[in-house]
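Asker: Dropping in run-v7.txt, which is compact mmCIF, C-alpha atoms:
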# COMPACT_ATOMS: atom_id res chain seq x y z
CA MET A 1 -3.00 1.35 23.73
CA HIS A 2 -4.43 3.96 21.37
CA VAL A 3 -2.69 4.01 17.97
CA ILE A 4 -3.33 6.94 15.63
CA GLY A 5 -1.79 8.89 12.76
CA LYS A 6 -0.25 12.27 13.49
CA GLY A 7 -2.94 14.21 11.58
CA ILE A 8 -5.75 13.43 14.04
CA ILE A 9 -4.08 14.05 17.40
CA ARG A 10 -6.57 16.71 18.55
CA PHE A 11 -9.58 14.46 18.11
CA HIS A 12 -8.05 11.38 19.70
CA ALA A 13 -5.86 12.97 22.39
CA VAL A 14 -8.34 15.63 23.56
CA TYR A 15 -11.94 14.98 22.49
CA TRP A 16 -12.01 11.18 22.65
CA PRO A 17 -10.59 11.00 26.22
CA ALA A 18 -13.16 13.62 27.24
CA PHE A 19 -15.95 11.43 25.84
CA LEU A 20 -14.59 8.42 27.71
CA ILE A 21 -14.42 10.36 30.99
CA CYS A 22 -18.00 11.58 30.55
CA ALA A 23 -19.14 8.02 29.86
CA GLY A 24 -17.29 6.70 32.89
CA LEU A 25 -15.05 4.49 30.74
CA ALA A 26 -11.36 3.76 31.17
CA LEU A 27 -8.83 5.91 29.32
CA PRO A 28 -6.06 4.44 27.15
CA LYS A 29 -2.87 3.95 29.16
CA LYS A 30 -0.68 5.05 26.25
CA LEU A 31 -1.04 7.02 23.05
CA PHE A 32 1.14 5.94 20.12
CA VAL A 33 1.17 8.57 17.36
CA HIS A 34 2.89 7.51 14.13
CA GLU A 35 4.09 9.46 11.11
CA TYR A 36 3.17 8.98 7.42
CA PHE A 37 4.55 7.24 4.35
CA THR A 38 5.39 8.99 1.14
CA VAL A 39 5.87 7.09 -2.12
CA ASN A 40 8.95 7.84 -4.19
CA GLY A 41 9.16 11.25 -2.54
CA GLN A 42 5.50 12.18 -3.06
CA LYS A 43 2.50 12.24 -0.73
CA MET A 44 0.30 9.21 -1.21
CA SER A 45 -2.80 10.29 -3.12
CA LYS A 46 -5.59 8.70 -5.11
CA THR A 47 -5.41 11.65 -7.49
CA LEU A 48 -1.74 10.97 -8.23
CA GLY A 49 -2.45 7.26 -8.52
CA ASN A 50 0.47 6.32 -6.28
CA VAL A 51 -1.47 4.57 -3.52
CA ILE A 52 0.25 1.31 -2.55
CA ASP A 53 -1.85 -1.86 -2.40
CA PRO A 54 -0.41 -3.89 0.50
CA PHE A 55 -2.21 -7.06 -0.62
CA ALA A 56 -0.43 -6.99 -3.98
CA LEU A 57 2.91 -6.64 -2.19
CA ILE A 58 2.05 -9.48 0.20
CA GLU A 59 1.17 -11.68 -2.78
CA LYS A 60 4.55 -10.90 -4.35
CA TYR A 61 6.92 -10.81 -1.36
CA GLY A 62 5.00 -12.38 1.54
CA ALA A 63 3.54 -10.80 4.67
CA GLU A 64 6.66 -11.43 6.75
CA ALA A 65 8.91 -9.61 4.27
CA LEU A 66 6.58 -6.62 4.05
CA ARG A 67 6.20 -6.48 7.82
CA TYR A 68 9.98 -6.63 8.24
CA TYR A 69 10.61 -3.82 5.75
CA PHE A 70 8.14 -1.44 7.39
CA LEU A 71 9.31 -2.20 10.93
CA ALA A 72 13.07 -2.34 10.33
CA HIS A 73 13.67 0.37 7.76
CA PHE A 74 11.36 3.11 9.04
CA SER A 75 11.07 4.93 12.35
CA PRO A 76 7.49 5.31 13.57
CA PHE A 77 8.37 8.85 14.60
CA SER A 78 9.39 10.29 11.24
CA ASP A 79 7.90 10.18 7.76
CA GLY A 80 9.30 7.40 5.59
CA ASP A 81 9.56 7.16 1.83
CA PHE A 82 8.38 3.84 0.40
CA SER A 83 9.53 2.34 -2.87
CA GLU A 84 9.18 -1.22 -4.09
CA GLU A 85 12.80 -1.20 -5.24
CA LYS A 86 13.96 -0.46 -1.68
CA LEU A 87 11.68 -3.21 -0.40
CA LYS A 88 13.30 -5.66 -2.83
CA GLN A 89 16.80 -4.55 -1.77
CA ALA A 90 15.94 -5.02 1.92
CA TYR A 91 14.44 -8.44 1.18
CA ASN A 92 17.54 -9.69 -0.62
CA ALA A 93 20.14 -8.11 1.69
CA ASP A 94 18.54 -8.67 5.10
CA LEU A 95 16.21 -11.64 4.71
CA ALA A 96 17.59 -13.75 1.86
CA ASN A 97 21.35 -13.12 2.27
CA GLY A 98 21.20 -12.31 6.00
CA LEU A 99 18.76 -14.27 8.12
CA GLY A 100 17.78 -16.90 5.55
CA ASN A 101 21.37 -17.68 4.56
CA LEU A 102 22.45 -17.97 8.21
CA ILE A 103 19.65 -20.42 9.01
CA ALA A 104 20.41 -22.55 5.95
CA ARG A 105 24.14 -22.44 6.64
CA VAL A 106 23.95 -23.60 10.27
CA ALA A 107 21.30 -26.22 9.53
CA LYS A 108 23.48 -27.75 6.81
CA LEU A 109 26.54 -27.77 9.09
CA CYS A 110 24.52 -29.51 11.81
CA GLU A 111 23.10 -32.04 9.35
CA THR A 112 26.54 -32.85 7.94
CA ALA A 113 28.05 -33.25 11.42
CA VAL A 114 25.03 -35.30 12.61
CA TYR A 115 24.69 -32.83 15.46
CA GLN A 116 22.24 -33.78 18.22
CA GLN A 117 20.42 -30.92 19.92
CA MET A 118 18.96 -31.08 23.43
CA GLU A 119 15.25 -30.88 22.61
CA ALA A 120 14.25 -29.46 25.99
CA GLN A 121 16.06 -26.17 25.31
CA SER A 122 14.13 -25.38 22.16
CA GLY A 123 11.32 -22.88 22.27
CA THR A 124 12.03 -21.79 25.85
CA GLU A 125 13.02 -18.31 26.91
CA GLU A 126 14.90 -19.35 30.04
CA HIS A 127 18.32 -19.36 28.34
CA VAL A 128 17.80 -16.02 26.57
CA LEU A 129 19.37 -12.91 28.06
CA PHE A 130 17.11 -10.10 26.88
CA ASP A 131 19.30 -7.06 26.31
CA GLU A 132 18.09 -3.87 28.00
CA ALA A 133 18.49 -1.93 24.75
CA TYR A 134 16.13 -4.36 22.98
CA ILE A 135 13.53 -4.17 25.76
CA LYS A 136 13.74 -0.37 25.97
CA ALA A 137 13.35 -0.06 22.20
CA LEU A 138 10.15 -2.12 22.35
CA GLU A 139 8.80 -0.11 25.27
CA ASP A 140 9.47 3.12 23.35
CA PHE A 141 7.97 1.72 20.11
CA ARG A 142 11.34 2.07 18.35
CA PHE A 143 10.77 -1.13 16.42
CA ASN A 144 13.54 -0.33 13.93
CA ASP A 145 16.09 -0.11 16.75
CA ALA A 146 14.90 -3.40 18.26
CA LEU A 147 15.29 -5.16 14.90
CA SER A 148 18.68 -3.52 14.42
CA PHE A 149 19.76 -5.23 17.65
CA VAL A 150 18.57 -8.61 16.30
CA TRP A 151 20.43 -8.11 13.02
CA GLN A 152 23.60 -7.27 14.93
CA LYS A 153 23.35 -10.74 16.48
CA ILE A 154 22.94 -12.24 13.01
CA THR A 155 26.06 -10.40 11.78
CA LEU A 156 28.08 -11.47 14.83
CA LEU A 157 27.06 -15.11 14.41
CA ASP A 158 28.02 -15.04 10.73
CA ARG A 159 31.41 -13.62 11.72
CA PHE A 160 31.82 -16.30 14.40
CA ILE A 161 31.19 -19.04 11.84
CA ASN A 162 33.67 -17.53 9.39
CA ASP A 163 36.32 -17.29 12.11
CA GLU A 164 35.80 -20.79 13.56
CA LYS A 165 35.39 -22.56 10.18
CA PRO A 166 33.34 -25.55 11.45
CA TRP A 167 33.57 -27.22 8.02
CA GLU A 168 37.31 -27.57 8.64
CA LEU A 169 36.96 -28.47 12.33
CA ALA A 170 34.77 -31.38 11.28
CA LYS A 171 37.86 -32.95 9.66
CA THR A 172 40.33 -32.36 12.51
CA ASN A 173 38.58 -31.68 15.83
CA SER A 174 35.09 -33.11 16.07
CA GLN A 175 34.64 -32.16 19.75
CA ARG A 176 35.50 -28.52 19.11
CA ASN A 177 33.24 -28.58 16.07
CA LEU A 178 30.30 -29.78 18.17
CA SER A 179 30.95 -26.96 20.67
CA VAL A 180 30.94 -24.41 17.86
CA LEU A 181 27.69 -25.82 16.47
CA ALA A 182 26.11 -25.81 19.94
CA HIS A 183 26.88 -22.10 20.23
CA CYS A 184 25.45 -21.45 16.76
CA VAL A 185 22.22 -23.31 17.52
CA ASP A 186 21.85 -21.54 20.85
CA GLN A 187 22.28 -18.15 19.17
CA ILE A 188 19.77 -19.01 16.45
CA GLN A 189 17.21 -20.03 19.07
CA GLU A 190 17.74 -16.66 20.76
CA ILE A 191 17.35 -14.85 17.44
CA ALA A 192 14.08 -16.70 16.80
CA ILE A 193 12.69 -15.66 20.20
CA LEU A 194 13.71 -12.04 19.64
CA LEU A 195 12.00 -12.12 16.23
CA ARG A 196 8.65 -13.34 17.60
CA PRO A 197 7.07 -9.86 17.97
CA PHE A 198 8.03 -8.91 14.40
CA LEU A 199 8.12 -12.05 12.25
CA PRO A 200 5.98 -14.61 14.12
CA GLU A 201 5.69 -17.12 11.27
CA THR A 202 9.41 -17.00 10.53
CA ALA A 203 10.28 -17.34 14.23
CA LYS A 204 8.04 -20.39 14.52
CA LEU A 205 9.67 -22.04 11.49
CA ILE A 206 13.15 -21.42 12.90
CA GLU A 207 12.21 -22.80 16.31
CA GLU A 208 10.71 -25.92 14.74
CA GLN A 209 13.77 -26.51 12.56
CA PHE A 210 16.23 -26.14 15.45
CA LYS A 211 14.31 -27.76 18.29
CA GLY A 212 16.18 -31.05 17.84
CA PRO A 213 17.19 -33.66 18.46
CA LYS A 214 18.23 -33.81 14.78
CA ILE A 215 18.61 -30.60 12.81
CA MET A 216 18.03 -30.93 9.07
CA SER A 217 18.29 -28.41 6.25
CA GLN A 218 15.04 -27.17 4.75
CA LYS A 219 14.04 -25.18 1.71
CA PRO A 220 15.14 -21.51 1.84
CA MET A 221 12.90 -19.35 4.03
CA PHE A 222 13.45 -16.29 1.85
CA PRO A 223 14.44 -17.29 -1.71
CA ARG A 224 16.48 -14.54 -3.31
CA ILE A 225 14.53 -12.34 -5.73
What would the structure in this file look like if it were written as structure tokens?
Answerer:
Amino acid sequence: MHVIGKGIIRFHAVYWPAFLICAGLALPKKLFVHEYFTVNGQKMSKTLGNVIDPFALIEKYGAEALRYYFLAHFSPFSDGDFSEEKLKQAYNADLANGLGNLIARVAKLCETAVYQQMEAQSGTEEHVLFDEAYIKALEDFRFNDALSFVWQKITLLDRFINDEKPWELAKTNSQRNLSVLAHCVDQIQEIAILLRPFLPETAKLIEEQFKGPKIMSQKPMFPRI
């Protein structure tokens, strides 16, 4: 895989392969050409003083949050405009209120119900049905579309919990409540596996928390800013 910015295509798509052929070396199998970032509507420039320091952002928001924002909210095939305010909004809406809240919510429901998870299922990919749209998005480097698919699963699971109301089932129908929680845990394990290419540290934490047999609540993965 040869990954380059769009401004140097001639050198890396024409000259560099020619050098490799002359040297008898293997050519890249694919060429992934990405677009550029602007900052608050302006081209990033040292002269303008608007160059973004990724290490400062990682220190403030964490590497997983920054990685998520760039992969989920920008297409690799069109220029994207970066702003820290938009990063903060995505962090709170998608990670803190979305993924993080769902994980905390299900973990607490399982802890309260003393739910026992089958440990052998955790961390395996055998029970995950990988959607063709997700796979195709990865193959085409449309990382934002692949993550959109994952967040659709998060939204659907939130809706399922709101409809089933397991906190009420716990009082009246314990068997049905356990079935609802089993579905929730299974879906969260799938979400964790689908997140591995994008948020590896977060995926690992989720898998560890939900591997069973007991599922306990933990500190928030993405505290709201």
Asker: Hey, which of A:Phe11, A:Leu205, A:Pro197, A:Ile161 ends up closest to Leu109 of chain A? Count only C-alpha atoms.
Answerer: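 When distances to Leu109 of chain A are compared using only C-alpha atoms, the smallest one comes from A:Ile161.
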Asker: Find the distance between atom CA of Lys108 of chain A and atom CA of Met216 of chain A and write it in Å to one decimal.
Answerer: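 Separation of atom CA of Lys108 of chain A and atom CA of Met216 of chain A: 6.7 Å.
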Asker: Extract, using all atoms listed in the file, all DNA, RNA and protein residues at most 10 Å from segment 180-191 of chain A, discarding same-chain residues fewer than 5 positions from it, and format them as a ChimeraX atom specification.
Answerer: /A:99,102-103,106-107,109-110,113,115-118,121-125,127-130,149-151,153-154,156-158,160-161,164-166,169,174-175,196,203,206-212,215
Asker: Give me the residues within 12 Å of Asn92 of chain A as a PyMOL selection string, counting all atoms listed in the file and dropping any in the same chain fewer than 6 places off.
Answerer: chain A and resi 61+65+69+85-86+98-101+221-225
Asker: Record the distance separating atom CA of Ile4 of chain A and atom CA of Glu35 of chain A, expressed in Å with one decimal.
Answerer: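 Taking atom CA of Ile4 of chain A and atom CA of Glu35 of chain A, their separation equals 9.0 Å.
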Asker: Identify the residues around (-4.9, 5.8, 27.5) within a radius of 10 Å, measuring from all atoms listed in the file in the coordinates stated by the file, and give them as JSON, numbers by chain.
Answerer: {"A": [1, 2, 3, 13, 17, 26, 27, 28, 29, 30, 31, 32]}
Asker: Suppose you want the space between atom CA of Ser45 of chain A and atom CA of Val14 of chain A; what is it in Å?
Answerer: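 Computing the Euclidean distance for atom CA of Ser45 of chain A and atom CA of Val14 of chain A yields 27.8 Å.
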Asker: Quick one: of A:Ile52, A:Val39, A:Ala93, A:Ile8, who's nearest to Asp79 of chain A, counting all atoms listed in the file?
Answerer: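 Closest to Asp79 of chain A, using all atoms listed in the file: A:Val39.
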Asker: Can you pull out the residues contacting Asp145 of chain A? Cut-off 10 Å, using only C-alpha atoms, and skip same-chain residues under 2 positions away; I want them as an MDAnalysis selection string.
Answerer: chainID A and resid 71:75 133:134 136:138 140:143 147:151
Asker: Which of these residues is nearest to Phe37 of chain A, using only C-alpha atoms: A:Pro200, A:His12, A:Leu66, A:Gly5?
Answerer: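 So, comparing all the options, the nearest one is A:Gly5.
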Asker: Measuring between all atoms listed in the file, which one of A:Ala63, A:Glu139, A:Glu201, A:Lys43 shows the shortest distance to Tyr91 of chain A?
Answerer: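 Closest residue, counting all atoms listed in the file: A:Ala63.
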Asker: Counting only C-alpha atoms, figure out which residue out of A:Ala23, A:Ala104, A:Ile135, A:Val114 gets nearest to Ser217 of chain A.
Answerer: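 Ranking A:Ala23, A:Ala104, A:Ile135, A:Val114 by distance to Ser217 of chain A, first place goes to A:Ala104.
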Asker: For Asn177 of chain A, which residue among A:Ala56, A:Ala146, A:Thr112, A:Leu199 is the nearest when counting all atoms listed in the file?
Answerer: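 Of A:Ala56, A:Ala146, A:Thr112, A:Leu199, the one nearest Asn177 of chain A is A:Thr112, counting all atoms listed in the file.
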